[in-house]
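Shown next: model.cif, containing mmCIF, C-alpha atoms and all ligand atoms.
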```
data_upload
loop_
_atom_site.label_atom_id
_atom_site.label_comp_id
_atom_site.auth_asym_id
_atom_site.auth_seq_id
_atom_site.Cartn_x
_atom_site.Cartn_y
_atom_site.Cartn_z
CA MET A 1 219.13 -63.27 90.04
CA PHE A 2 218.24 -60.82 87.34
CA CYS A 3 215.11 -58.82 86.57
CA PRO A 4 213.02 -60.53 83.86
CA GLN A 5 211.78 -57.15 82.68
CA CYS A 6 214.98 -55.12 82.25
CA GLY A 7 217.72 -57.70 82.73
CA SER A 8 219.35 -55.78 85.56
CA SER A 9 220.95 -58.05 88.10
CA ASP A 10 222.41 -55.65 90.67
CA THR A 11 219.46 -55.40 93.07
CA GLN A 12 217.23 -57.52 95.22
CA LEU A 13 214.02 -58.54 93.53
CA VAL A 14 210.57 -57.46 94.79
CA GLU A 15 207.72 -59.70 93.71
CA GLY A 16 210.02 -61.03 90.94
CA LEU A 17 211.09 -57.63 89.58
CA CYS A 18 213.94 -55.21 90.27
CA LYS A 19 212.98 -52.21 92.42
CA THR A 20 212.86 -49.81 89.43
CA CYS A 21 210.60 -52.07 87.37
CA PHE A 22 208.44 -52.85 90.42
CA LEU A 23 207.92 -49.16 91.23
CA LYS A 24 207.05 -48.40 87.59
CA GLU A 25 203.99 -50.60 87.94
CA PHE A 26 203.24 -49.86 91.55
CA TYR A 27 200.11 -48.01 92.56
CA LEU A 28 200.14 -46.12 95.83
CA LEU A 29 196.42 -46.56 96.08
CA LYS A 30 193.36 -48.17 94.57
CA LEU A 31 190.52 -45.95 93.45
CA GLU A 32 187.51 -46.78 91.27
CA SER A 33 187.00 -44.57 88.25
CA GLU A 34 183.42 -43.87 89.37
CA ILE A 35 182.03 -43.59 92.89
CA ILE A 36 178.28 -43.54 93.38
CA VAL A 37 176.76 -41.86 96.41
CA THR A 38 173.01 -42.16 97.01
CA LEU A 39 171.71 -39.16 98.87
CA CYS A 40 168.42 -37.50 99.71
CA THR A 41 167.88 -34.16 98.03
CA SER A 42 165.72 -32.97 100.88
CA CYS A 43 167.74 -33.81 104.02
CA HIS A 44 171.13 -34.82 102.53
CA SER A 45 171.15 -38.12 104.38
CA GLN A 46 173.10 -40.85 102.57
CA ILE A 47 173.05 -44.55 102.08
CA GLN A 48 176.07 -46.01 103.85
CA GLU A 49 176.61 -49.73 104.15
CA GLY A 50 173.12 -50.31 102.81
CA LYS A 51 171.38 -48.06 105.32
CA TRP A 52 170.13 -44.50 105.23
CA LYS A 53 172.19 -42.38 107.59
CA GLU A 54 171.42 -38.86 108.61
CA LEU A 55 174.60 -36.93 107.98
CA GLY A 56 173.13 -33.84 106.40
CA LEU A 57 176.46 -32.63 105.02
CA PRO A 58 176.76 -30.08 102.22
CA GLU A 59 177.31 -31.65 98.76
CA GLU A 60 181.00 -30.73 98.58
CA GLU A 61 181.70 -32.44 101.84
CA ILE A 62 179.75 -35.48 100.69
CA ILE A 63 182.01 -35.67 97.63
CA TYR A 64 185.22 -35.35 99.67
CA GLN A 65 183.97 -37.92 102.13
CA ALA A 66 183.13 -40.33 99.29
CA LEU A 67 186.68 -39.93 97.95
CA GLU A 68 188.22 -40.57 101.37
CA GLU A 69 186.14 -43.68 101.90
CA ASN A 70 186.98 -45.10 98.48
CA ILE A 71 190.74 -44.59 98.54
CA HIS A 72 192.59 -47.76 99.55
CA VAL A 73 196.26 -47.08 100.18
CA SER A 74 198.70 -49.97 99.66
CA PRO A 75 200.10 -51.24 102.95
CA MET A 76 203.61 -50.99 101.50
CA VAL A 77 203.47 -47.19 101.46
CA GLU A 78 204.90 -45.13 104.28
CA ASN A 79 204.41 -41.44 105.10
CA VAL A 80 201.30 -41.17 102.94
CA GLU A 81 200.01 -37.74 102.07
CA ILE A 82 196.83 -37.37 100.06
CA GLU A 83 195.39 -34.26 98.48
CA LEU A 84 191.82 -34.18 97.20
CA GLU A 85 190.42 -31.77 94.68
CA ILE A 86 187.11 -31.30 92.90
CA ILE A 87 188.13 -30.17 89.43
CA HIS A 88 184.77 -29.77 87.80
CA ARG A 89 181.08 -30.14 88.66
CA ARG A 90 178.52 -30.93 86.00
CA GLY A 91 175.03 -31.71 87.22
CA SER A 92 175.22 -34.58 89.64
CA LEU A 93 178.76 -35.49 88.54
CA ALA A 94 181.96 -34.26 90.13
CA ASP A 95 185.31 -34.87 88.41
CA CYS A 96 187.97 -35.21 91.06
CA ARG A 97 191.71 -35.40 91.30
CA VAL A 98 193.61 -37.28 93.99
CA ILE A 99 197.29 -36.59 94.44
CA ALA A 100 199.08 -39.18 96.54
CA LYS A 101 202.60 -38.98 97.93
CA GLY A 102 204.38 -41.72 99.79
CA VAL A 103 207.58 -43.61 100.39
CA VAL A 104 207.99 -47.14 99.01
CA PHE A 105 211.30 -49.00 99.50
CA GLY A 106 212.94 -45.70 100.41
CA GLU A 107 211.79 -44.02 97.19
CA GLU A 108 209.43 -41.06 97.36
CA ILE A 109 206.68 -41.41 94.78
CA THR A 110 203.96 -38.94 93.74
CA GLN A 111 201.00 -40.15 91.71
CA GLU A 112 197.86 -38.54 90.36
CA TYR A 113 194.51 -40.30 90.08
CA LYS A 114 191.21 -39.23 88.56
CA THR A 115 187.75 -40.32 89.46
CA THR A 116 184.15 -39.15 89.11
CA VAL A 117 181.77 -38.99 92.03
CA ARG A 118 178.19 -39.47 90.93
CA LEU A 119 175.53 -38.12 93.28
CA ASN A 120 172.52 -40.34 92.89
CA LYS A 121 169.86 -37.92 94.10
CA THR A 122 166.65 -39.35 95.47
CA VAL A 123 164.29 -38.94 98.42
CA CYS A 124 164.94 -40.97 101.57
CA PRO A 125 162.07 -42.94 103.17
CA ASP A 126 161.79 -40.47 106.09
CA CYS A 127 161.51 -37.48 103.77
CA SER A 128 158.92 -39.18 101.61
CA LYS A 129 156.92 -40.00 104.75
CA ILE A 130 157.15 -36.39 105.94
CA ALA A 131 156.14 -35.11 102.51
CA SER A 132 153.10 -37.36 102.44
CA GLY A 133 151.90 -36.30 105.92
CA TYR A 134 152.61 -39.74 107.39
CA TYR A 135 151.96 -40.20 111.10
CA GLU A 136 152.33 -43.10 113.53
CA SER A 137 150.36 -41.73 116.45
CA VAL A 138 147.47 -39.50 117.32
CA ILE A 139 147.46 -37.83 120.73
CA GLN A 140 143.87 -37.26 121.77
CA LEU A 141 143.66 -34.66 124.51
CA ARG A 142 140.37 -34.94 126.36
CA ALA A 143 138.85 -34.03 129.71
CA ASP A 144 136.68 -36.15 131.96
CA ASN A 145 133.04 -35.10 131.83
CA ARG A 146 133.75 -31.55 130.71
CA PRO A 147 135.23 -29.66 127.73
CA LEU A 148 138.94 -28.77 127.76
CA TYR A 149 139.69 -25.31 129.15
CA PRO A 150 141.40 -22.89 126.73
CA GLU A 151 144.35 -22.63 129.17
CA GLU A 152 144.79 -26.41 129.05
CA ILE A 153 144.86 -26.39 125.24
CA ALA A 154 147.34 -23.50 125.25
CA LEU A 155 149.59 -25.30 127.74
CA ALA A 156 149.38 -28.58 125.78
CA ASP A 157 150.23 -26.76 122.53
CA GLU A 158 153.26 -25.23 124.19
CA ILE A 159 154.46 -28.49 125.79
CA ILE A 160 154.15 -30.26 122.44
CA ALA A 161 155.95 -27.53 120.48
CA VAL A 162 158.84 -27.18 122.95
CA ASN A 163 159.42 -30.91 123.26
CA LEU A 164 159.10 -31.70 119.55
CA ASN A 165 161.75 -29.09 118.98
CA LYS A 166 164.09 -31.00 121.29
CA LEU A 167 163.15 -34.48 120.07
CA GLU A 168 163.49 -33.51 116.42
CA LYS A 169 167.25 -33.11 116.86
CA LYS A 170 167.57 -36.86 117.41
CA ASN A 171 164.53 -38.16 115.60
CA ARG A 172 163.47 -36.70 112.27
CA MET A 173 160.06 -38.31 112.61
CA ALA A 174 159.37 -36.25 115.73
CA TYR A 175 157.10 -33.79 113.98
CA ILE A 176 153.45 -32.79 114.09
CA THR A 177 151.61 -33.10 110.83
CA GLN A 178 148.15 -32.06 111.95
CA ARG A 179 146.37 -30.45 114.92
CA THR A 180 142.63 -30.92 114.75
CA PRO A 181 140.11 -29.41 117.17
CA MET A 182 137.38 -31.94 117.86
CA LYS A 183 134.07 -31.64 119.66
CA GLU A 184 135.54 -33.73 122.49
CA GLY A 185 138.98 -32.09 122.61
CA MET A 186 142.12 -31.73 120.52
CA ASP A 187 143.89 -34.24 118.28
CA TYR A 188 147.62 -34.01 117.52
CA TYR A 189 149.02 -36.17 114.67
CA ILE A 190 152.64 -37.12 115.40
CA GLY A 191 155.13 -38.65 112.94
CA SER A 192 156.86 -40.97 115.39
CA GLN A 193 155.13 -43.15 117.96
CA LYS A 194 158.18 -42.99 120.22
CA ALA A 195 158.03 -39.20 120.16
CA ALA A 196 154.27 -39.27 120.83
CA LYS A 197 154.84 -41.36 123.96
CA LYS A 198 157.46 -38.93 125.21
CA LEU A 199 155.06 -36.05 124.59
CA ILE A 200 152.34 -37.83 126.55
CA ASN A 201 154.72 -38.13 129.53
CA LYS A 202 155.56 -34.44 129.33
CA LEU A 203 151.86 -33.53 129.14
CA ARG A 204 151.07 -35.70 132.16
CA GLU A 205 153.83 -34.11 134.23
CA GLN A 206 152.00 -30.80 134.05
CA LEU A 207 148.37 -31.69 133.38
CA GLY A 208 148.04 -35.10 135.03
CA GLY A 209 145.32 -37.35 133.68
CA LEU A 210 144.78 -40.92 132.56
CA VAL A 211 146.35 -42.47 129.48
CA LYS A 212 144.84 -45.09 127.23
CA GLU A 213 146.54 -46.51 124.16
CA SER A 214 144.75 -48.15 121.28
CA PRO A 215 146.96 -49.51 118.51
CA ARG A 216 145.26 -50.36 115.25
CA LEU A 217 146.67 -52.50 112.49
CA MET A 218 146.89 -50.36 109.37
CA GLY A 219 148.42 -52.81 106.92
CA GLN A 220 151.70 -54.48 106.28
CA ASP A 221 155.21 -53.19 105.72
CA LYS A 222 156.03 -54.36 102.19
CA SER A 223 159.76 -54.72 102.87
CA THR A 224 159.66 -56.47 106.26
CA GLY A 225 156.26 -58.19 106.12
CA LYS A 226 155.59 -56.92 109.66
CA GLY A 227 152.30 -55.36 110.66
CA LEU A 228 152.06 -51.58 110.45
CA TYR A 229 150.37 -50.08 113.49
CA ARG A 230 149.06 -46.64 114.16
CA THR A 231 148.48 -45.80 117.80
CA TRP A 232 145.83 -43.56 119.23
CA ILE A 233 146.89 -42.35 122.67
CA SER A 234 144.23 -40.56 124.65
CA LEU A 235 145.05 -38.40 127.64
CA ARG A 236 141.96 -37.71 129.72
CA LEU A 237 142.44 -34.78 132.06
CA PRO A 238 140.67 -34.92 135.44
CA GLN A 239 137.25 -33.40 135.91
CA PHE A 240 138.65 -31.30 138.78
CA SER A 241 141.23 -28.51 138.65
CA ILE A 242 143.74 -27.27 141.21
CA ASP A 243 141.88 -25.67 144.18
CA ASP A 244 138.70 -27.66 143.53
CA PHE A 245 137.13 -29.65 146.36
CA ILE A 246 136.81 -33.39 146.11
CA GLN A 247 135.60 -36.37 148.04
CA TYR A 248 137.94 -39.37 148.11
CA ASN A 249 136.47 -42.45 149.79
CA ASP A 250 135.02 -40.70 152.87
CA ARG A 251 137.50 -37.83 153.07
CA LEU A 252 136.81 -34.30 151.90
CA ALA A 253 139.81 -32.48 150.50
CA GLN A 254 141.03 -29.63 148.36
CA VAL A 255 143.26 -30.33 145.33
CA LYS A 256 146.63 -28.63 145.81
CA SER A 257 148.81 -29.98 142.98
CA LEU A 258 149.28 -32.87 140.59
CA ASP A 259 151.92 -34.60 138.49
CA SER A 260 152.16 -37.65 136.27
CA ARG A 261 151.95 -40.07 139.22
CA LYS A 262 149.63 -38.58 141.80
CA ILE A 263 147.25 -35.87 142.97
CA ILE A 264 148.15 -34.03 146.16
CA VAL A 265 145.19 -32.90 148.24
CA ARG A 266 144.58 -31.39 151.67
CA ASP A 267 142.03 -32.85 154.03
CA LEU A 268 139.33 -30.30 154.91
CA ILE A 269 138.90 -31.65 158.47
CA ASN A 270 142.43 -32.22 159.79
CA GLN A 271 144.28 -30.10 157.18
CA GLU A 272 146.70 -32.98 156.47
CA LYS A 273 148.12 -33.29 153.00
CA PHE A 274 147.93 -36.67 151.31
CA SER A 275 148.26 -38.02 147.81
CA ILE A 276 146.02 -40.11 145.59
CA LEU A 277 147.46 -42.17 142.75
CA TRP A 278 145.95 -41.73 139.31
CA LYS A 279 144.92 -45.39 139.30
CA ASP A 280 142.46 -44.49 142.08
CA TYR A 281 140.99 -41.64 140.07
CA ALA A 282 137.65 -43.42 139.78
CA ASN A 283 137.17 -43.00 143.56
CA ILE A 284 137.46 -39.23 143.42
CA LYS A 285 134.27 -37.20 143.29
CA LEU A 286 134.25 -33.50 142.47
CA ILE A 287 132.17 -31.66 145.10
CA GLY A 288 132.92 -27.97 144.73
CA HIS A 289 134.93 -25.18 143.18
CA LEU A 290 136.85 -22.25 144.61
CA GLU A 291 133.93 -20.01 143.57
CA ASP A 292 131.65 -21.93 145.95
CA ILE A 293 133.51 -20.58 148.97
CA GLN A 294 131.48 -18.22 151.12
CA LYS A 295 132.52 -15.75 153.79
CA THR A 296 131.32 -15.68 157.36
CA THR A 297 132.41 -14.50 160.81
CA LEU A 298 133.93 -16.27 163.79
CA THR A 299 131.66 -15.40 166.70
CA SER A 300 133.19 -17.25 169.64
CA LYS A 301 136.18 -19.37 170.55
CA THR A 302 136.74 -21.55 173.63
CA PRO A 303 139.54 -24.08 174.37
CA HIS A 304 137.21 -26.78 173.02
CA SER A 305 135.22 -25.23 170.22
CA ILE A 306 134.74 -22.34 167.87
CA GLN A 307 131.52 -20.87 166.65
CA ILE A 308 130.80 -19.41 163.24
CA LEU A 309 127.64 -18.14 161.58
CA HIS A 310 126.08 -19.99 158.69
CA PRO A 311 126.94 -17.81 155.65
CA THR A 312 123.36 -17.57 154.42
CA THR A 313 121.05 -18.36 157.34
CA PHE A 314 123.36 -16.72 159.96
CA GLU A 315 122.52 -19.51 162.39
CA PRO A 316 125.39 -20.17 164.82
CA ILE A 317 127.34 -23.37 164.16
CA ASP A 318 129.72 -24.92 166.71
CA GLN A 319 132.82 -26.73 165.53
CA GLU A 320 135.37 -28.71 167.47
CA ILE A 321 138.64 -26.90 168.05
CA ASN A 322 141.57 -27.85 165.90
CA PRO A 323 145.23 -26.69 166.27
CA ASP A 324 144.89 -25.09 162.84
CA TYR A 325 142.24 -22.74 164.21
CA ASP A 326 144.80 -21.21 166.66
CA LYS A 327 145.45 -18.30 164.37
CA LEU A 328 141.75 -17.42 164.16
CA SER A 329 140.32 -14.86 166.57
CA ILE A 330 136.80 -13.78 167.41
CA GLY A 331 135.49 -11.34 164.80
CA ASP A 332 137.67 -12.76 161.99
CA GLU A 333 136.21 -13.29 158.57
CA VAL A 334 136.59 -16.94 157.58
CA ASP A 335 136.15 -18.86 154.32
CA VAL A 336 133.62 -21.66 154.46
CA LEU A 337 132.31 -24.26 152.07
CA GLU A 338 128.92 -25.87 152.32
CA ILE A 339 128.86 -29.53 151.32
CA GLU A 340 125.64 -31.47 151.59
CA GLY A 341 124.29 -29.08 154.22
CA LYS A 342 127.45 -29.16 156.34
CA ILE A 343 129.75 -26.17 156.74
CA TYR A 344 133.54 -26.64 156.49
CA ILE A 345 136.09 -23.95 157.36
CA ILE A 346 138.65 -23.53 154.55
CA LEU A 347 142.02 -22.37 155.81
ZN ZN B 1 213.94 -54.37 86.11
ZN ZN B 2 165.69 -37.24 103.39
#
```
Could the structure of this file be written out as structure tokens, please?
Ligand SMILES: [Zn+2]
Ligand SMILES: [Zn+2]
Amino acid sequence: MFCPQCGSSDTQLVEGLCKTCFLKEFYLLKLESEIIVTLCTSCHSQIQEGKWKELGLPEEEIIYQALEENIHVSPMVENVEIELEIIHRRGSLADCRVIAKGVVFGEEITQEYKTTVRLNKTVCPDCSKIASGYYESVIQLRADNRPLYPEEIALADEIIAVNLNKLEKKNRMAYITQRTPMKEGMDYYIGSQKAAKKLINKLREQLGGLVKESPRLMGQDKSTGKGLYRTWISLRLPQFSIDDFIQYNDRLAQVKSLDSRKIIVRDLINQEKFSILWKDYANIKLIGHLEDIQKTTLTSKTPHSIQILHPTTFEPIDQEINPDYDKLSIGDEVDVLEIEGKIYIIL
């Protein structure tokens, strides 16, 4: 067998040529003369495999990464070493050099390649949404039958700010585009509906309340043909606050704490704590505030009853003894609450 290119007949042929002729035409790697990278000028996310991906790398790294991804080394090469270099930047173009070293059929070969990386600079869909003030959800903070208290607004503002800060790291649409005081409360415009729902949960953990969602069809997504919804999520805080007095079914109680699931109260008669689920909120009636508490004096105590004076008329009132009254002694000042003409001792 002899090489059809040079006539040499002393070696084994590779793909029909002698080793020397084969290596003359052998490329260690394949590399296009131009590589196009589409990236967002605002957040540096890139289109990869047809999708926008949030990588946020500096431009130089984007160029090096584009080179790495577009170099295809021949499987015949062993001990490959590749050096990348940006030779020259002009506008959105970067002229690059790739030096490749490798061993093919026992021969060490070094080759130099040139390519241009073109940065196709545009604005990604997320950034254009952010720039246009786009929002998917409105959180409507309200209170039942009363205005919001300034402390509630301050706490809600803080919960929203702290949690958006965390959510934003994983979801670029977790931003607030508008905060609008309304006659009925406060509206927060949130970029992502998912983020808005997480915020609602965080708000409920600390403020309690009832949630109602109303999605509205806003149009159609031109690319998918699916309906575009915007969701209004209202969080209605309870009429009562911690320490207020309530009536629940036929029990009188003081509100001690609340969370996203329930309200914890203490019975005014037997002092027992019990909880009420938010779904039963409609059965709770606000009957008094901490400011309604009056002071009076314990005038007598027997094994079966205690006697106090009515805080305003000073008429003596007998009450059945209760283990919780053990710590009270004659002459003590006690807190009482008058509800519908009846006096309750508040411990
Ligand atoms: Zn040859
Ligand atoms: Zn972007």
Using all atoms listed in the file, which residues of chain A come within 8 Å of ligand ZN 2 (chain B), and what is the closest atom pair for each, with the distance in Å to one decimal? Give it as JSON lines, sorted by chain and residue number.
```
{"residue": "A:Leu39", "atom": "CA", "partner": "B:ZN2", "partner_atom": "ZN", "distance": 7.8}
{"residue": "A:Cys40", "atom": "CA", "partner": "B:ZN2", "partner_atom": "ZN", "distance": 4.6}
{"residue": "A:Thr41", "atom": "CA", "partner": "B:ZN2", "partner_atom": "ZN", "distance": 6.6}
{"residue": "A:Ser42", "atom": "CA", "partner": "B:ZN2", "partner_atom": "ZN", "distance": 5.0}
{"residue": "A:Cys43", "atom": "CA", "partner": "B:ZN2", "partner_atom": "ZN", "distance": 4.0}
{"residue": "A:His44", "atom": "CA", "partner": "B:ZN2", "partner_atom": "ZN", "distance": 6.0}
{"residue": "A:Ser45", "atom": "CA", "partner": "B:ZN2", "partner_atom": "ZN", "distance": 5.6}
{"residue": "A:Glu54", "atom": "CA", "partner": "B:ZN2", "partner_atom": "ZN", "distance": 7.9}
{"residue": "A:Val123", "atom": "CA", "partner": "B:ZN2", "partner_atom": "ZN", "distance": 5.4}
{"residue": "A:Cys124", "atom": "CA", "partner": "B:ZN2", "partner_atom": "ZN", "distance": 4.2}
{"residue": "A:Pro125", "atom": "CA", "partner": "B:ZN2", "partner_atom": "ZN", "distance": 6.8}
{"residue": "A:Asp126", "atom": "CA", "partner": "B:ZN2", "partner_atom": "ZN", "distance": 5.7}
{"residue": "A:Cys127", "atom": "CA", "partner": "B:ZN2", "partner_atom": "ZN", "distance": 4.2}
{"residue": "A:Ser128", "atom": "CA", "partner": "B:ZN2", "partner_atom": "ZN", "distance": 7.3}
```
Neighbourhood of ligand ZN 1 (chain B) at 8 Å, counting all atoms listed in the file, reported as a PyMOL selection string = chain A and resi 2-8+17-22
Using C-alpha atoms, can you export the residues from the last selection as a short mmCIF file (atom, residue, chain, number, x, y, z; two decimals), in the frame of the given file?
```
data_model
loop_
_atom_site.label_atom_id
_atom_site.label_comp_id
_atom_site.auth_asym_id
_atom_site.auth_seq_id
_atom_site.Cartn_x
_atom_site.Cartn_y
_atom_site.Cartn_z
CA PHE A 2 218.24 -60.82 87.34
CA CYS A 3 215.11 -58.82 86.57
CA PRO A 4 213.02 -60.53 83.86
CA GLN A 5 211.78 -57.15 82.68
CA CYS A 6 214.98 -55.12 82.25
CA GLY A 7 217.72 -57.70 82.73
CA SER A 8 219.35 -55.78 85.56
CA LEU A 17 211.09 -57.63 89.58
CA CYS A 18 213.94 -55.21 90.27
CA LYS A 19 212.98 -52.21 92.42
CA THR A 20 212.86 -49.81 89.43
CA CYS A 21 210.60 -52.07 87.37
CA PHE A 22 208.44 -52.85 90.42
#
```
Measuring atom to atom with all atoms listed in the file, identify which of A:Val98, A:Glu112, A:Ile159, A:Leu119 is nearest to A:Glu61.
->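 Smallest separation from A:Glu61 among the options: A:Leu119.
Proximity to A:Trp232 at 12 Å, evaluated using all atoms listed in the file and with sequence-adjacent residues fewer than 6 positions away removed, yields Tyr135, Glu136, Ser137, Val138, Ile139, Gln140, Leu141, Asp187, Tyr188, Tyr189, Ile190, Ser192, Gln193, Ala196, Lys197, Ile200, Val211, Lys212, Glu213, Ser214, Pro215, Arg216 and Leu217 of chain A.
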Choose the residue, out of A:Glu78, A:Glu333, A:Asp243, A:Glu68, that has the smallest atom-to-atom separation from A:Arg97; count only C-alpha atoms.
-> A:Glu68
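Rounded to one decimal, atom CA of A:Ser257 and atom CA of A:Ile339 lie 21.6 Å from each other.
If all atoms listed in the file are the atoms counted, then among A:Ile246, A:Met1, A:Ile263, A:Ile321 the closest residue to A:Leu337 is A:Ile246.
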Using only C-alpha atoms, find the one residue out of A:Ser234, A:Ser260, A:Thr177, A:Asn79 that sits nearest to A:Leu207.
->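 Counting only C-alpha atoms, the residue closest to A:Leu207 is A:Ser260.
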Give me, please, the distance in Å between atom CA of A:Asp144 and atom CA of A:Leu277, quoted to one decimal.
->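 Interatomic distance here is 16.4 Å.
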What is the atom CA of A:Ser275-atom CA of A:Arg204 distance in Å, reported with one decimal?
->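 Between these atoms lies a distance of 16.1 Å.
Among the candidates A:Lys226, A:Glu205, A:Pro147, A:Gln239, the residue lying nearest to A:Ile287 is A:Gln239 (atoms considered: only C-alpha atoms).
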Top pick for closest residue to A:Phe26, considering A:Gly91, A:Gly102, A:Pro303, A:Pro58 and counting only C-alpha atoms = A:Gly102
Long-range neighbours of A:Gln247 as a ChimeraX atom specification, 12 Å cut-off, all atoms listed in the file, 3 positions minimum in chain = /A:240,244,250-255,265-269,276,281-288,339-340
For the residues in that selection, give me C-alpha atoms as a JSON list (two decimals), in the coordinates of the input.
```json
[["chain", "number", "residue", "atom", "x", "y", "z"],
["A", 240, "PHE", "CA", 138.65, -31.30, 138.78],
["A", 244, "ASP", "CA", 138.70, -27.66, 143.53],
["A", 250, "ASP", "CA", 135.02, -40.70, 152.87],
["A", 251, "ARG", "CA", 137.50, -37.83, 153.07],
["A", 252, "LEU", "CA", 136.81, -34.30, 151.90],
["A", 253, "ALA", "CA", 139.81, -32.48, 150.50],
["A", 254, "GLN", "CA", 141.03, -29.63, 148.36],
["A", 255, "VAL", "CA", 143.26, -30.33, 145.33],
["A", 265, "VAL", "CA", 145.19, -32.90, 148.24],
["A", 266, "ARG", "CA", 144.58, -31.39, 151.67],
["A", 267, "ASP", "CA", 142.03, -32.85, 154.03],
["A", 268, "LEU", "CA", 139.33, -30.30, 154.91],
["A", 269, "ILE", "CA", 138.90, -31.65, 158.47],
["A", 276, "ILE", "CA", 146.02, -40.11, 145.59],
["A", 281, "TYR", "CA", 140.99, -41.64, 140.07],
["A", 282, "ALA", "CA", 137.65, -43.42, 139.78],
["A", 283, "ASN", "CA", 137.17, -43.00, 143.56],
["A", 284, "ILE", "CA", 137.46, -39.23, 143.42],
["A", 285, "LYS", "CA", 134.27, -37.20, 143.29],
["A", 286, "LEU", "CA", 134.25, -33.50, 142.47],
["A", 287, "ILE", "CA", 132.17, -31.66, 145.10],
["A", 288, "GLY", "CA", 132.92, -27.97, 144.73],
["A", 339, "ILE", "CA", 128.86, -29.53, 151.32],
["A", 340, "GLU", "CA", 125.64, -31.47, 151.59]]
```
Pull the neighbourhood of (136.1, -29.6, 128.9) for me: all residues within 12 Å in file coordinates, counting all atoms listed in the file, as a list in words.
-> Leu141, Arg142, Ala143, Asp144, Asn145, Arg146, Pro147, Leu148, Tyr149, Pro150, Glu151, Glu152, Ile153, Met182, Lys183, Glu184, Gly185, Met186, Arg236, Leu237, Pro238, Gln239, Phe240 and Ser241 of chain A
